[in-house]
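Here the structure comes first, spelled out in structure tokens, and everything after it is commentary.
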Amino acid sequence: MAYSHVGRNKVLLGVSGSIAAYKALELVRLLVKRGLEVKVIMTQSAEEFIRPLSFETLTKNPVVTSLWDPLASDSINHVELGSWADVFAIVPATAETISGLAYGQANNEILATALITRVPMMIAPAMNTNMYTHPATQANLQILKSRGVEVIEPIEGDLACGWNGTGCLADVYEIQYRILRALTVHDYADKKIVITAGPTREMIDPVRFMTNRSSGKMGIALAKEAYLRGADVELIHGPIHVRVPAGIKLTPVLSADDMKEAVLNSFTPEVDIVVMAAAVADYKPKHAEDSKIKKTGDWKSLELVPNDDILQVLGEKRGKDGSPKLVGFAVETCDEEQLIEFVHQKIARKKVDLIVGNLAHESLDRETNHVWIVDKIGRSEEVSTTYKSRIARKILDFVHKL
Ligand code: CTP
């Protein structure tokens with residue numbers, strides 16, 4: 001499955017000589033799995049830590065290891081690779097590589113390529129804490145940042161040298177997303193999006209609650225897609241497992257009331273789009289008991305009261321200029337014809353711009369979905385069953401046209 005819908009999928013990876021070089025293998029595996037084409041350049045000191053064959057096996061491409069590589073006999077590799085790539089990432093970047101980049105040196109293949117290429121560059125430093133925090137390294141990083149090089153900051157942890165501190169290579173999951181973001185067209189740059197995801201939990205007593213089958217995967221997919229497309233994203237989520245890039249702000253909540261409060265807190269004039277993908281509970285127990293309800297009692301029924309409809313509150317609250325854009329979901333258990341009817345009813349009732357209709361058996365707790373995207377002026381698009389990441393892409397394409 002190819003990653004990019006705009007044809008940008010070529011990653012040139014420079015690996016310099018740090019013990020963290022082995023983590024670049026996992027990064028390559030993740031990128032290749034997404035359908036990206038990866039070519040690797042290694043410095044000779046990187047070869048002391050890891051063999052080129054490992055990268056060759058994963059990328060199915062030859063690895064360039066020296067300016068005088070025999071593979072380069074019929075072409076000048078750094079010239080060719082520099083123009084082949086869509087993005088150039090150096091992972092890990094040692095203090096020496098960072099210094100070489102800052103001062104425009106060209107004495108190895110990575111540095112020479114960095115001078116040749118004009119594609120976006122990013123570096124993920126990894127080194128001993130004192131080397132990283134040394135004013136010389138920090139000054140070099142400043143020089144690179146001022147030239148537009150993206151620095152994926154190292155994290156704190158146990159370093160191979162036995163020290164503990166900042167200098168560990170950033171998490172490869174994080175680096176992966178930074179590379180994907182650099183490859184993606186930022187049609188949502190300068191847009192602030194609030195997205196909700198997952199179920200809510202309505203407490204009955206301290207050990208029991210009412211909830212639903214939502215996994216939150218659709219909302220999470222939307223948040224990641226919006227992040228990759230350059231948006232400033234906040235994900236307000238119910239109790240679900242969430243792993244998203246660090247650039248996405250996470251606001252965890254439990255109940256529908258908590259979610260309403262969090263959404264209203266974030267409902268500021270700066271917000272451009274709100275997407276309610278959460279399966280908000282329609283009802284909650286009238287009273288949540290303070291202590292566990294015992295089975296010796298005569299508990300026979302539970303009195304419920306309705307929760308506020310968050311989307312409807314937003315529809316009534318937003319400005320006359322129609323800002324922010326409001327997007328909702330409709331999950332139903334009916335046939336397609338009735339689903340579309342419910343979708344139109346919800347657009348009108350909640351005063352929103354767009355509703356994504358889907359069927360419970362095709363969407364809840366699944367990796368895939370099948371949706372009907374309908375806007376308030378009647379434009380619509382059916383997206384047949386595919387991964388939620390692709391559905392998210394289609395939804396945001398549609399929202400962009402609103
Ligand atoms: N929604 C909300 N607040 C609620 C209930 C729903 O904001 N208390 C939002 C959902 O996040 C979704 C949309 O409203 O975007 C439609 O939710 P859905 O459960 O399909 O429909 P309901 O409005 O709950 O109506 P019904 O249960 O009658 O289908």
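Going through the structure tokens in order, the chains are called A, B, and so on, while each chain numbers its residues from 1 and the ligands are numbered from 1 in the order shown.
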Could the residues of chain A that have an atom at most 6 Å from ligand 1 be listed as JSON lines, each with its closest atom pair and the distance in Å to one decimal, counting only C-alpha atoms and all ligand atoms and ordered by chain and ascending residue number?
{"residue": "A:Met276", "atom": "CA", "partner": "ligand 1", "partner_atom_place_in_ligand_line": "11 (O)", "distance": 4.2}
{"residue": "A:Ala277", "atom": "CA", "partner": "ligand 1", "partner_atom_place_in_ligand_line": "11 (O)", "distance": 5.0}
{"residue": "A:Ala278", "atom": "CA", "partner": "ligand 1", "partner_atom_place_in_ligand_line": "11 (O)", "distance": 4.5}
{"residue": "A:Ala279", "atom": "CA", "partner": "ligand 1", "partner_atom_place_in_ligand_line": "11 (O)", "distance": 5.2}
{"residue": "A:Val280", "atom": "CA", "partner": "ligand 1", "partner_atom_place_in_ligand_line": "5 (C)", "distance": 4.6}
{"residue": "A:Ala281", "atom": "CA", "partner": "ligand 1", "partner_atom_place_in_ligand_line": "8 (N)", "distance": 5.7}
{"residue": "A:Asp282", "atom": "CA", "partner": "ligand 1", "partner_atom_place_in_ligand_line": "8 (N)", "distance": 4.7}
{"residue": "A:Asn307", "atom": "CA", "partner": "ligand 1", "partner_atom_place_in_ligand_line": "8 (N)", "distance": 5.3}
{"residue": "A:Asp308", "atom": "CA", "partner": "ligand 1", "partner_atom_place_in_ligand_line": "8 (N)", "distance": 5.1}
{"residue": "A:Asp309", "atom": "CA", "partner": "ligand 1", "partner_atom_place_in_ligand_line": "3 (N)", "distance": 3.5}
{"residue": "A:Ile310", "atom": "CA", "partner": "ligand 1", "partner_atom_place_in_ligand_line": "7 (O)", "distance": 3.6}
{"residue": "A:Leu311", "atom": "CA", "partner": "ligand 1", "partner_atom_place_in_ligand_line": "7 (O)", "distance": 3.7}
{"residue": "A:Gly328", "atom": "CA", "partner": "ligand 1", "partner_atom_place_in_ligand_line": "15 (O)", "distance": 3.4}
{"residue": "A:Phe329", "atom": "CA", "partner": "ligand 1", "partner_atom_place_in_ligand_line": "15 (O)", "distance": 3.8}
{"residue": "A:Ala330", "atom": "CA", "partner": "ligand 1", "partner_atom_place_in_ligand_line": "20 (O)", "distance": 3.3}
{"residue": "A:Val331", "atom": "CA", "partner": "ligand 1", "partner_atom_place_in_ligand_line": "20 (O)", "distance": 4.3}
- Residues of stretch 81-257 of chain A in strand (DSSP E or B) according to DSSP, as a VMD selection string? chain A and resid 87 to 93 121 to 125 150 to 151 155 to 158 164 to 168 192 to 197 199 202 to 205 208 to 210 232 to 237 249 to 252
Would you write out those residues with N, CA and C atoms, as a compact mmCIF listing (two decimals), in the first residue's frame?
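Resulting contents of result_6.txt:
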# COMPACT_ATOMS: atom_id res chain seq x y z
N VAL A 87 12.88 13.64 0.76
CA VAL A 87 13.27 14.14 2.08
C VAL A 87 14.59 13.46 2.46
N PHE A 88 15.45 14.19 3.17
CA PHE A 88 16.73 13.63 3.61
C PHE A 88 16.75 13.66 5.13
N ALA A 89 16.76 12.48 5.76
CA ALA A 89 16.76 12.40 7.23
C ALA A 89 18.05 11.76 7.70
N ILE A 90 18.71 12.37 8.67
CA ILE A 90 19.94 11.79 9.20
C ILE A 90 19.65 11.26 10.61
N VAL A 91 19.65 9.94 10.72
CA VAL A 91 19.21 9.26 11.96
C VAL A 91 20.12 8.05 12.23
N PRO A 92 20.90 8.02 13.28
CA PRO A 92 21.16 9.12 14.21
C PRO A 92 22.18 10.09 13.62
N ALA A 93 22.15 11.32 14.16
CA ALA A 93 23.14 12.32 13.76
C ALA A 93 24.10 12.51 14.94
N MET A 121 15.35 18.76 4.95
CA MET A 121 16.29 17.93 5.72
C MET A 121 15.88 17.88 7.17
N MET A 122 16.09 16.73 7.79
CA MET A 122 15.84 16.62 9.22
C MET A 122 16.93 15.77 9.85
N ILE A 123 17.23 16.08 11.10
CA ILE A 123 18.26 15.30 11.79
C ILE A 123 17.74 14.89 13.16
N ALA A 124 18.13 13.68 13.57
CA ALA A 124 17.76 13.18 14.91
C ALA A 124 19.06 12.93 15.66
N PRO A 125 19.51 13.89 16.48
CA PRO A 125 20.78 13.73 17.19
C PRO A 125 20.74 12.59 18.21
N GLU A 150 15.08 20.56 10.16
CA GLU A 150 14.21 20.19 11.28
C GLU A 150 15.01 19.30 12.23
N VAL A 151 15.05 19.69 13.50
CA VAL A 151 15.79 18.90 14.49
C VAL A 151 14.79 18.10 15.33
N ILE A 155 15.87 12.51 23.49
CA ILE A 155 15.11 12.41 24.73
C ILE A 155 16.03 12.00 25.88
N GLU A 156 15.47 12.10 27.08
CA GLU A 156 16.23 11.75 28.27
C GLU A 156 16.15 10.23 28.49
N GLY A 157 17.22 9.66 28.99
CA GLY A 157 17.18 8.22 29.28
C GLY A 157 18.56 7.71 29.64
N ASP A 158 18.67 6.37 29.74
CA ASP A 158 19.96 5.74 30.01
C ASP A 158 20.76 5.69 28.72
N ASN A 164 23.06 8.98 32.47
CA ASN A 164 21.64 9.18 32.26
C ASN A 164 21.44 10.66 31.95
N GLY A 165 20.70 10.95 30.92
CA GLY A 165 20.47 12.35 30.56
C GLY A 165 19.91 12.47 29.17
N THR A 166 19.85 13.71 28.68
CA THR A 166 19.31 13.95 27.34
C THR A 166 20.39 13.65 26.31
N GLY A 167 20.03 12.85 25.34
CA GLY A 167 20.98 12.47 24.30
C GLY A 167 20.57 11.19 23.61
N CYS A 168 19.52 10.52 24.17
CA CYS A 168 19.02 9.29 23.53
C CYS A 168 18.27 9.67 22.25
N LYS A 192 -6.49 25.08 12.95
CA LYS A 192 -6.56 24.48 14.28
C LYS A 192 -7.80 23.57 14.30
N ILE A 193 -7.57 22.30 14.61
CA ILE A 193 -8.66 21.33 14.57
C ILE A 193 -8.81 20.63 15.92
N VAL A 194 -10.04 20.58 16.40
CA VAL A 194 -10.34 19.81 17.62
C VAL A 194 -11.10 18.57 17.18
N ILE A 195 -10.61 17.41 17.59
CA ILE A 195 -11.23 16.14 17.21
C ILE A 195 -11.55 15.36 18.48
N THR A 196 -12.73 14.73 18.53
CA THR A 196 -13.03 13.87 19.68
C THR A 196 -13.03 12.42 19.21
N ALA A 197 -12.73 11.51 20.13
CA ALA A 197 -12.65 10.09 19.77
C ALA A 197 -13.02 9.21 20.95
N PRO A 199 -15.26 6.14 23.22
CA PRO A 199 -16.54 6.13 23.96
C PRO A 199 -16.45 7.08 25.15
N GLU A 202 -20.03 6.38 31.68
CA GLU A 202 -21.01 6.98 32.60
C GLU A 202 -21.07 6.13 33.86
N MET A 203 -20.59 6.67 34.94
CA MET A 203 -20.44 5.87 36.17
C MET A 203 -21.79 5.58 36.83
N ILE A 204 -21.93 4.34 37.28
CA ILE A 204 -23.12 3.91 38.01
C ILE A 204 -22.79 3.93 39.51
N ASP A 205 -21.64 3.31 39.82
CA ASP A 205 -21.10 3.37 41.18
C ASP A 205 -19.58 3.32 41.00
N ARG A 208 -18.70 0.33 38.57
CA ARG A 208 -19.49 -0.01 37.37
C ARG A 208 -19.76 1.24 36.54
N PHE A 209 -19.83 1.00 35.23
CA PHE A 209 -20.16 2.13 34.35
C PHE A 209 -20.88 1.64 33.10
N MET A 210 -21.53 2.58 32.40
CA MET A 210 -22.14 2.30 31.10
C MET A 210 -21.21 2.86 30.03
N ASP A 232 -2.77 22.08 13.44
CA ASP A 232 -2.54 22.10 14.87
C ASP A 232 -3.72 21.32 15.46
N VAL A 233 -3.44 20.15 16.04
CA VAL A 233 -4.52 19.22 16.38
C VAL A 233 -4.62 18.98 17.89
N GLU A 234 -5.86 19.04 18.39
CA GLU A 234 -6.12 18.57 19.76
C GLU A 234 -7.08 17.38 19.67
N LEU A 235 -6.72 16.30 20.34
CA LEU A 235 -7.57 15.11 20.36
C LEU A 235 -8.14 14.94 21.76
N ILE A 236 -9.45 15.14 21.88
CA ILE A 236 -10.12 14.96 23.17
C ILE A 236 -10.71 13.55 23.13
N HIS A 237 -10.21 12.68 24.01
CA HIS A 237 -10.60 11.27 23.86
C HIS A 237 -11.11 10.65 25.15
N LYS A 249 -1.93 17.37 20.54
CA LYS A 249 -2.26 17.58 21.97
C LYS A 249 -3.35 16.60 22.38
N LEU A 250 -3.11 15.89 23.47
CA LEU A 250 -4.09 14.92 23.95
C LEU A 250 -4.82 15.45 25.18
N THR A 251 -6.14 15.36 25.19
CA THR A 251 -6.91 15.72 26.38
C THR A 251 -7.80 14.52 26.73
N PRO A 252 -7.40 13.75 27.76
CA PRO A 252 -8.22 12.59 28.13
C PRO A 252 -9.42 12.99 28.99
- Message: Set the distance at 10 Å and use only C-alpha atoms: which residues neighbour A:Ala112 once local chain neighbours fewer than 3 positions away are removed? I'd like the list as a PyMOL selection string.
- Response: chain A and resi 67+77-79+82+100-101+104-109+115-117
Okay, now the selection with N, CA and C atoms, as a PDB file, in the first residue's frame?
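Below is the file that was written, again-v2.pdb:
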ATOM      1  N   LEU A  67      32.389   7.795  -0.338  1.00  0.00           N
ATOM      2  CA  LEU A  67      32.461   8.627  -1.542  1.00  0.00           C
ATOM      3  C   LEU A  67      33.085   7.857  -2.695  1.00  0.00           C
ATOM      4  N   ASN A  77      27.243   9.248  -6.765  1.00  0.00           N
ATOM      5  CA  ASN A  77      26.113   8.908  -5.922  1.00  0.00           C
ATOM      6  C   ASN A  77      25.490  10.066  -5.162  1.00  0.00           C
ATOM      7  N   HIS A  78      26.299  10.914  -4.559  1.00  0.00           N
ATOM      8  CA  HIS A  78      25.675  11.961  -3.744  1.00  0.00           C
ATOM      9  C   HIS A  78      24.899  12.950  -4.606  1.00  0.00           C
ATOM     10  N   VAL A  79      25.326  13.098  -5.862  1.00  0.00           N
ATOM     11  CA  VAL A  79      24.575  13.982  -6.761  1.00  0.00           C
ATOM     12  C   VAL A  79      23.245  13.319  -7.098  1.00  0.00           C
ATOM     13  N   GLY A  82      20.903  12.927  -3.945  1.00  0.00           N
ATOM     14  CA  GLY A  82      20.400  14.226  -3.478  1.00  0.00           C
ATOM     15  C   GLY A  82      19.224  14.696  -4.306  1.00  0.00           C
ATOM     16  N   GLY A 100      29.819  18.902  11.003  1.00  0.00           N
ATOM     17  CA  GLY A 100      30.142  18.881   9.566  1.00  0.00           C
ATOM     18  C   GLY A 100      29.049  19.534   8.735  1.00  0.00           C
ATOM     19  N   LEU A 101      27.795  19.284   9.121  1.00  0.00           N
ATOM     20  CA  LEU A 101      26.658  19.873   8.386  1.00  0.00           C
ATOM     21  C   LEU A 101      26.655  21.394   8.574  1.00  0.00           C
ATOM     22  N   GLY A 104      29.396  23.018   6.544  1.00  0.00           N
ATOM     23  CA  GLY A 104      29.430  22.762   5.100  1.00  0.00           C
ATOM     24  C   GLY A 104      30.562  21.873   4.660  1.00  0.00           C
ATOM     25  N   GLN A 105      30.983  20.941   5.519  1.00  0.00           N
ATOM     26  CA  GLN A 105      32.050  20.030   5.100  1.00  0.00           C
ATOM     27  C   GLN A 105      31.503  18.987   4.129  1.00  0.00           C
ATOM     28  N   ALA A 106      32.422  18.347   3.420  1.00  0.00           N
ATOM     29  CA  ALA A 106      31.967  17.403   2.390  1.00  0.00           C
ATOM     30  C   ALA A 106      32.843  16.154   2.382  1.00  0.00           C
ATOM     31  N   ASN A 107      33.397  15.807   3.564  1.00  0.00           N
ATOM     32  CA  ASN A 107      34.374  14.712   3.561  1.00  0.00           C
ATOM     33  C   ASN A 107      33.778  13.325   3.813  1.00  0.00           C
ATOM     34  N   ASN A 108      32.467  13.200   3.796  1.00  0.00           N
ATOM     35  CA  ASN A 108      31.895  11.851   3.703  1.00  0.00           C
ATOM     36  C   ASN A 108      30.606  11.936   2.885  1.00  0.00           C
ATOM     37  N   GLU A 109      30.023  10.768   2.617  1.00  0.00           N
ATOM     38  CA  GLU A 109      28.883  10.730   1.687  1.00  0.00           C
ATOM     39  C   GLU A 109      27.661  11.483   2.218  1.00  0.00           C
ATOM     40  N   LEU A 115      25.108  18.840   1.072  1.00  0.00           N
ATOM     41  CA  LEU A 115      25.417  20.076   0.331  1.00  0.00           C
ATOM     42  C   LEU A 115      24.734  20.085  -1.036  1.00  0.00           C
ATOM     43  N   ILE A 116      24.593  18.914  -1.592  1.00  0.00           N
ATOM     44  CA  ILE A 116      24.016  18.809  -2.938  1.00  0.00           C
ATOM     45  C   ILE A 116      22.498  18.983  -2.920  1.00  0.00           C
ATOM     46  N   THR A 117      21.849  18.361  -1.948  1.00  0.00           N
ATOM     47  CA  THR A 117      20.386  18.260  -2.015  1.00  0.00           C
ATOM     48  C   THR A 117      19.685  19.578  -1.679  1.00  0.00           C
TER      49      THR A 117
END
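Picture a line from atom CA of A:Val327 to atom CA of A:Asn265; it runs 17.8 Å.
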- Which neighbours of stretch 24-39 of chain A fall inside 9 Å, counting only C-alpha atoms, when residues of the same chain fewer than 6 positions from it are skipped, and could you give them as a ChimeraX atom specification? /A:1-4,8-15,54-56,58-64,81,85,91-92,172-173,175-176,179-180
Those same residues - N, CA, C and O atoms - I'd like them written as a compact mmCIF listing (two decimals), in the first residue's frame.
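Wrote it out as out38.txt, contents follow:
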# COMPACT_ATOMS: atom_id res chain seq x y z
N MET A 1 0.86 -1.19 0.00
CA MET A 1 0.00 0.00 0.00
C MET A 1 0.90 1.25 0.00
O MET A 1 1.67 1.45 0.92
N ALA A 2 0.80 2.05 -1.08
CA ALA A 2 1.67 3.22 -1.16
C ALA A 2 1.24 4.25 -0.13
O ALA A 2 0.06 4.41 0.14
N TYR A 3 2.20 4.92 0.46
CA TYR A 3 1.87 5.90 1.48
C TYR A 3 1.27 7.17 0.88
O TYR A 3 0.22 7.64 1.28
N SER A 4 1.99 7.73 -0.08
CA SER A 4 1.69 9.10 -0.46
C SER A 4 0.67 9.19 -1.59
O SER A 4 0.77 8.46 -2.56
N ARG A 8 4.96 11.71 -3.26
CA ARG A 8 6.21 11.96 -2.51
C ARG A 8 6.43 10.79 -1.56
O ARG A 8 5.79 10.70 -0.52
N ASN A 9 7.32 9.90 -1.93
CA ASN A 9 7.50 8.73 -1.06
C ASN A 9 8.95 8.25 -1.02
O ASN A 9 9.20 7.11 -0.65
N LYS A 10 9.89 9.14 -1.38
CA LYS A 10 11.28 8.70 -1.43
C LYS A 10 12.08 9.30 -0.25
O LYS A 10 12.23 10.51 -0.15
N VAL A 11 12.54 8.40 0.60
CA VAL A 11 13.26 8.83 1.80
C VAL A 11 14.73 8.46 1.67
O VAL A 11 15.07 7.29 1.48
N LEU A 12 15.58 9.45 1.78
CA LEU A 12 17.01 9.19 1.84
C LEU A 12 17.41 9.26 3.31
O LEU A 12 17.17 10.27 3.99
N LEU A 13 17.98 8.16 3.79
CA LEU A 13 18.31 8.09 5.21
C LEU A 13 19.83 8.05 5.39
O LEU A 13 20.50 7.15 4.86
N GLY A 14 20.36 9.03 6.10
CA GLY A 14 21.78 9.05 6.42
C GLY A 14 21.98 8.48 7.82
O GLY A 14 21.33 8.92 8.76
N VAL A 15 22.85 7.49 7.93
CA VAL A 15 23.09 6.87 9.25
C VAL A 15 24.53 7.16 9.65
O VAL A 15 25.47 6.74 8.96
N SER A 54 22.18 -5.29 6.51
CA SER A 54 20.87 -5.23 7.21
C SER A 54 19.96 -4.22 6.52
O SER A 54 18.78 -4.49 6.30
N PHE A 55 20.51 -3.04 6.18
CA PHE A 55 19.70 -2.03 5.49
C PHE A 55 19.35 -2.48 4.08
O PHE A 55 18.25 -2.24 3.59
N GLU A 56 20.32 -3.14 3.42
CA GLU A 56 20.06 -3.60 2.04
C GLU A 56 18.92 -4.60 2.03
O GLU A 56 18.06 -4.58 1.16
N LEU A 58 16.44 -4.82 4.21
CA LEU A 58 15.16 -4.19 4.51
C LEU A 58 14.68 -3.27 3.39
O LEU A 58 13.49 -3.21 3.09
N THR A 59 15.62 -2.53 2.76
CA THR A 59 15.20 -1.53 1.75
C THR A 59 15.15 -2.11 0.35
O THR A 59 14.56 -1.53 -0.54
N LYS A 60 15.84 -3.24 0.15
CA LYS A 60 16.00 -3.84 -1.19
C LYS A 60 16.72 -2.87 -2.14
O LYS A 60 16.52 -2.88 -3.35
N ASN A 61 17.53 -2.01 -1.56
CA ASN A 61 18.34 -1.08 -2.35
C ASN A 61 19.78 -1.16 -1.87
O ASN A 61 20.03 -1.43 -0.68
N PRO A 62 20.75 -0.93 -2.78
CA PRO A 62 22.14 -0.92 -2.32
C PRO A 62 22.37 0.22 -1.34
O PRO A 62 21.73 1.27 -1.43
N VAL A 63 23.28 0.00 -0.41
CA VAL A 63 23.60 1.04 0.58
C VAL A 63 24.90 1.72 0.16
O VAL A 63 25.86 1.05 -0.22
N VAL A 64 24.92 3.03 0.21
CA VAL A 64 26.12 3.77 -0.15
C VAL A 64 26.93 4.02 1.12
O VAL A 64 26.40 4.54 2.11
N LEU A 81 21.65 10.80 -5.53
CA LEU A 81 20.75 10.57 -4.39
C LEU A 81 20.12 11.87 -3.91
O LEU A 81 18.95 11.90 -3.54
N ALA A 85 15.86 12.07 -3.83
CA ALA A 85 15.06 12.04 -2.59
C ALA A 85 13.94 13.09 -2.57
O ALA A 85 14.03 14.13 -3.22
N VAL A 91 19.65 9.94 10.72
CA VAL A 91 19.21 9.26 11.96
C VAL A 91 20.12 8.05 12.23
O VAL A 91 20.12 7.12 11.44
N PRO A 92 20.90 8.02 13.28
CA PRO A 92 21.16 9.12 14.21
C PRO A 92 22.18 10.09 13.62
O PRO A 92 22.96 9.73 12.75
N VAL A 172 11.63 6.01 17.59
CA VAL A 172 11.54 5.84 16.12
C VAL A 172 10.10 6.05 15.62
O VAL A 172 9.89 6.49 14.48
N TYR A 173 9.12 5.77 16.46
CA TYR A 173 7.71 6.04 16.09
C TYR A 173 7.55 7.53 15.78
O TYR A 173 6.93 7.93 14.79
N ILE A 175 10.01 9.69 15.04
CA ILE A 175 10.82 10.07 13.86
C ILE A 175 10.06 9.70 12.59
O ILE A 175 10.00 10.48 11.63
N GLN A 176 9.44 8.52 12.62
CA GLN A 176 8.65 8.06 11.48
C GLN A 176 7.60 9.11 11.11
O GLN A 176 7.44 9.49 9.95
N ILE A 179 8.99 12.26 9.52
CA ILE A 179 9.34 12.04 8.11
C ILE A 179 8.07 12.04 7.26
O ILE A 179 8.01 12.70 6.21
N LEU A 180 7.03 11.35 7.73
CA LEU A 180 5.78 11.31 6.97
C LEU A 180 5.20 12.72 6.82
O LEU A 180 4.69 13.08 5.76
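For the pair atom CA of A:Ile248 and atom CA of A:Ile355, the separation is 23.4 Å.
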- Task: Mind checking which residues fall within 12 Å of A:Ala348, counting only C-alpha atoms, ignoring those fewer than 4 positions away in the same chain, and posting them as a PyMOL selection string?
- Result: chain A and resi 311-312+315-316+328+341-344+352-355+374-378
Selected residues, N, CA and C atoms, written as a PDB file, in the first residue's frame, please.
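Saved to again_5.pdb:
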ATOM      1  N   LEU A 311     -22.456  18.189  20.048  1.00  0.00           N
ATOM      2  CA  LEU A 311     -22.421  18.744  18.690  1.00  0.00           C
ATOM      3  C   LEU A 311     -23.534  19.771  18.485  1.00  0.00           C
ATOM      4  N   GLN A 312     -24.690  19.444  19.019  1.00  0.00           N
ATOM      5  CA  GLN A 312     -25.822  20.370  18.880  1.00  0.00           C
ATOM      6  C   GLN A 312     -25.550  21.675  19.639  1.00  0.00           C
ATOM      7  N   GLY A 315     -23.347  23.628  17.480  1.00  0.00           N
ATOM      8  CA  GLY A 315     -24.088  24.142  16.319  1.00  0.00           C
ATOM      9  C   GLY A 315     -24.854  25.408  16.670  1.00  0.00           C
ATOM     10  N   GLU A 316     -25.374  25.434  17.917  1.00  0.00           N
ATOM     11  CA  GLU A 316     -26.132  26.615  18.330  1.00  0.00           C
ATOM     12  C   GLU A 316     -25.218  27.757  18.771  1.00  0.00           C
ATOM     13  N   GLY A 328     -19.739  15.973  12.102  1.00  0.00           N
ATOM     14  CA  GLY A 328     -20.184  14.931  13.021  1.00  0.00           C
ATOM     15  C   GLY A 328     -20.190  13.573  12.351  1.00  0.00           C
ATOM     16  N   GLU A 341     -30.851   9.031   5.200  1.00  0.00           N
ATOM     17  CA  GLU A 341     -31.942   9.867   5.724  1.00  0.00           C
ATOM     18  C   GLU A 341     -31.591  10.376   7.129  1.00  0.00           C
ATOM     19  N   PHE A 342     -31.084   9.465   7.977  1.00  0.00           N
ATOM     20  CA  PHE A 342     -30.673   9.873   9.334  1.00  0.00           C
ATOM     21  C   PHE A 342     -29.570  10.936   9.267  1.00  0.00           C
ATOM     22  N   VAL A 343     -28.657  10.751   8.309  1.00  0.00           N
ATOM     23  CA  VAL A 343     -27.551  11.705   8.168  1.00  0.00           C
ATOM     24  C   VAL A 343     -28.103  13.108   7.872  1.00  0.00           C
ATOM     25  N   HIS A 344     -29.050  13.178   6.912  1.00  0.00           N
ATOM     26  CA  HIS A 344     -29.633  14.491   6.581  1.00  0.00           C
ATOM     27  C   HIS A 344     -30.363  15.081   7.785  1.00  0.00           C
ATOM     28  N   VAL A 352     -24.965  21.409  11.541  1.00  0.00           N
ATOM     29  CA  VAL A 352     -23.549  21.189  11.235  1.00  0.00           C
ATOM     30  C   VAL A 352     -23.306  21.229   9.733  1.00  0.00           C
ATOM     31  N   ASP A 353     -22.046  21.234   9.350  1.00  0.00           N
ATOM     32  CA  ASP A 353     -21.692  21.350   7.932  1.00  0.00           C
ATOM     33  C   ASP A 353     -21.633  20.007   7.228  1.00  0.00           C
ATOM     34  N   LEU A 354     -21.316  18.972   7.999  1.00  0.00           N
ATOM     35  CA  LEU A 354     -21.075  17.687   7.347  1.00  0.00           C
ATOM     36  C   LEU A 354     -21.263  16.555   8.348  1.00  0.00           C
ATOM     37  N   ILE A 355     -21.846  15.477   7.877  1.00  0.00           N
ATOM     38  CA  ILE A 355     -21.949  14.275   8.719  1.00  0.00           C
ATOM     39  C   ILE A 355     -21.394  13.086   7.940  1.00  0.00           C
ATOM     40  N   VAL A 374     -21.599  13.323   3.747  1.00  0.00           N
ATOM     41  CA  VAL A 374     -22.673  14.157   3.200  1.00  0.00           C
ATOM     42  C   VAL A 374     -22.553  15.558   3.802  1.00  0.00           C
ATOM     43  N   ASP A 375     -22.626  16.595   2.947  1.00  0.00           N
ATOM     44  CA  ASP A 375     -22.554  17.946   3.517  1.00  0.00           C
ATOM     45  C   ASP A 375     -23.923  18.610   3.492  1.00  0.00           C
ATOM     46  N   LYS A 376     -24.003  19.797   4.088  1.00  0.00           N
ATOM     47  CA  LYS A 376     -25.320  20.414   4.297  1.00  0.00           C
ATOM     48  C   LYS A 376     -25.962  20.906   3.000  1.00  0.00           C
ATOM     49  N   ILE A 377     -25.153  21.040   1.926  1.00  0.00           N
ATOM     50  CA  ILE A 377     -25.809  21.433   0.669  1.00  0.00           C
ATOM     51  C   ILE A 377     -26.059  20.223  -0.234  1.00  0.00           C
ATOM     52  N   GLY A 378     -25.917  19.047   0.361  1.00  0.00           N
ATOM     53  CA  GLY A 378     -26.331  17.836  -0.354  1.00  0.00           C
ATOM     54  C   GLY A 378     -25.249  17.132  -1.158  1.00  0.00           C
TER      55      GLY A 378
END
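If you look at atom CA of A:Met127 and atom CA of A:Glu80, they are 29.7 Å away from each other.
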- Task: Name the residues in contact with A:Thr268 at a cut-off of 12 Å, using only C-alpha atoms, excluding same-chain residues fewer than 2 positions from it; report them as a list in words.
- Result: Lys192, Ile193, Val194, Ala262, Val263, Leu264, Asn265, Ser266, Glu270, Val271, Asp272, Ile273, Val274, Leu314, Lys317, Arg318, Gly319, Ser323 and Pro324 of chain A
- For A:Glu225: contacts at 9 Å, only C-alpha atoms, fewer than 6 positions along chain excluded, given as a ChimeraX atom specification: /A:231,389-390,392-393,396
- Message: For the helix (DSSP H, G or I) assignment from backbone DSSP, which residues of stretch 149-220 of chain A qualify? Please present them as number ranges by chain.
- Response: A: 172-183, 217-220
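Candidate residues A:Ala136, A:Val207, A:Leu228, A:Val244 were compared for distance to A:Val185, and the nearest is A:Leu228, using only C-alpha atoms.
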- Item | Minimum-distance residue to A:Asp258, chosen among A:Thr137, A:Leu169, A:Gly238, A:Lys295 (using only C-alpha atoms) |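 Closest residue, counting only C-alpha atoms: A:Gly238.
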